[in-house]
Amino acid sequence: MAATGSEQEGTKAYYVSTPIYYVNDAPHLGHAYTTVAGDVLTRWHRQRGEKVWYLTGTDEHGQKIMRTAEANGVSPQEWCDKLVEESWKPLWQHLQIANDDFIRTTEKRHTDRVREFVQDLYDRGEIYQGGYEGPYCVPCEEYKTYGELLDGEGEWEGLKLCPIHKKPVEMLKEENYFFKLSAYGEKLLAHYEAHPEFIQPESARNEVMQFVRQGLEDLSISRSTFDWGVKIPWDDKHVIYVWVDALLNYATAVGYGSDQQKFEETFPADVHLVGKDILRFHAVIWPAMLMANGLPLPKRIAANGWLMVGGEKMSKSNLTGISPHELTDHFGVDAYRWYFLRAIAFGQDGSFSWEDFSARYTSELANDYGNLASRVAAMVGKYFDGALPEATAHGEAEQAIADGLAAAVRSADEKIGEQLDFAGGIAAIFDFIKQVNGYLTEQAPWKVAKDDSAEAQARLATILYTAAESLRACAVLLNAVMPESSAKLWEMLGAEPALGALADQRIADAGEWGRLPAGTTVTKGAALFPRLEENK
Ligand code: MSP
């Protein structure tokens, strides 16, 4: 959980959020991808010793949820309660997601504040009444422009389709309330110019800037044709547009209008993680809403790419039956958390395949990393009765490992902690693991062990200490990505009595050579990454 040390009281938390997910169905691999990324970022910053706040939750209003509930013969609230409790929260727990809060947009702590926020905008003259007619995509919960629609084929011949969902749009005509979004184009562009890091990656930033340069239209922020939503405070025939309601979760969950101190210590977000499909809502509408209400803007909107299936964005309808549980049953939770971040450059699209996952698991997790840990523990057991020996003959080869570690720590910290380049950061750590394997192959401790001379025994002790000390650092560096196996390794190395709990180990200290003291009790334990069963 979040660090609450007294030295951190009053400081602003590093605040990370995921999108709040629609609960019309159970979570799939795509949702888990963003949530795991946020969790790794959060845990990394905690291990930097920072105060961190990680928020996730569910988006429960709007037509999409209402229709799903109707189709299932229950009320929308019953539907949401069931899905949240039986599918969403249990999956996050299973995947070891260490969020500090979980916000549901049907909670009173949220709905009351949403009404206040919108009332405030109204009082400031930012909202007016008008009419709108246009094509609407219910799965997106968004009005579309004619230009972006696709022509339907086959069963949808003659209809216009949403470019994301490839399903027919509906024509909507409504009298509703509008937010003067068009007034914010210049201010938004000025903000993007002044803060190049605001939207990431670069391709996403360019796309948003181009979109805003074309000119913004005012945004319809209410609906009157259905009632599953938060009522407009001054006109209860309307409910607030689900996206305005949803975006406000980032403020209401951290004390907006209810706990000023908490709000100041948390808001605005340092990173809003979003899929690229919902980038415009976060990079255009959300900052404009904040500007209109005089609130500070988030530091960064980081768009992740899509997990693809058959060339399409992975969604409930094209999942081909793979659930997160199916993968964790086969590969384990740690490997699952690791794989998608390791295999796909964050920000770009990527596809999943059993073959690629199995191949990487076997070569990097089981062989390179897991075997290294088992071999080192077995040798310390065999040659030194499980007591970690002292490195009395630290020479050039050992210094190369110590230097390699320091470089890996710097690179991983920069990449994971700053650039959200998870694949690059994890690669830096696994390159170091390869370096340690190379060192063991060269030094061949099993050969050195055959020589009883004092000099050879000092070499043997030094080699095994060097390998164990390297593993100490790996446990610290991989704890954010793979908390279970890192805890096992910490235990195998007998590190806790001397160094304290794994979660308290700082990234900044991870590269300091010689932290693991000689004399710890090293035990072999079960394999960190057991061989895969041959059933896939
Ligand atoms: N409820 C809105 C978000 C409101 S945030 C104020 C929504 N929900 S959603 O359930 O559709 O989930 C959207 C997010 O889930 C995406 O933006 C992305 O982060 C994640 N993903 C869903 N499918 C995905 C893939 N196939 N690939 C990667 N991420 C995906 O939109």
# chains A, B, ... in the order shown; residues from 1 in each chain; ligands from 1

$ residues_around --residues "Pro27 of chain A" --least-positions-apart "4" --cutoff "9 Å" --atoms "only C-alpha atoms" --output "list in words"
Tyr21, Tyr22, Val23, His31, Ala32, Ser87, Trp88, Leu91, Lys316, Ser323 and Pro324 of chain A

$ select_by_dssp --residues "segment 292-401 of chain A" --states "alpha helix (DSSP H)" --output "PyMOL selection string"
chain A and resi 292+324-331+333-343+354-360+371-384+396-401

$ residues_near_ligand --ligand "ligand 1" --cutoff "6 Å" --atoms "only C-alpha atoms and all ligand atoms" --output "PyMOL selection string"
chain A and resi 19-22+30-31+34+59+246-247+274-275+277-278+305-308+313-315

$ residues_around --residues "segment 170-185 of chain A" --least-positions-apart "5" --cutoff "8 Å" --atoms "only C-alpha atoms" --output "list in words"
Glu126, Ile127, Tyr128, Gln129, Gly130, Gly131, Tyr132, Glu133, Gly134, Pro135, Tyr136, Cys137, Val138, Val212, Arg213, Gly215, Leu216, Glu217, Asp218, Leu219, Ser220, Ile221, Ser222, Arg223, Ser224, Thr225, His238, Ile285 and Ala288 of chain A

$ residues_around --residues "Thr105 of chain A" --least-positions-apart "3" --cutoff "12 Å" --atoms "only C-alpha atoms" --output "PyMOL selection string"
chain A and resi 20-23+56-62+77+80-81+84+102+108-114+228-230+240+242-253

$ select_by_dssp --residues "segment 11-244 of chain A" --states "strand (DSSP E or B)" --output "MDAnalysis selection string"
chainID A and resid 14:22 52:59 101:104 127:137 142:143 150:151 160:161 168 170:179 199:200 219:220 222:223 231:232 235:240

$ closest_residue --among "A:Trp53, A:Phe422, A:Phe357, A:Tyr256" --to "Gly332 of chain A" --atoms "only C-alpha atoms"
A:Phe357
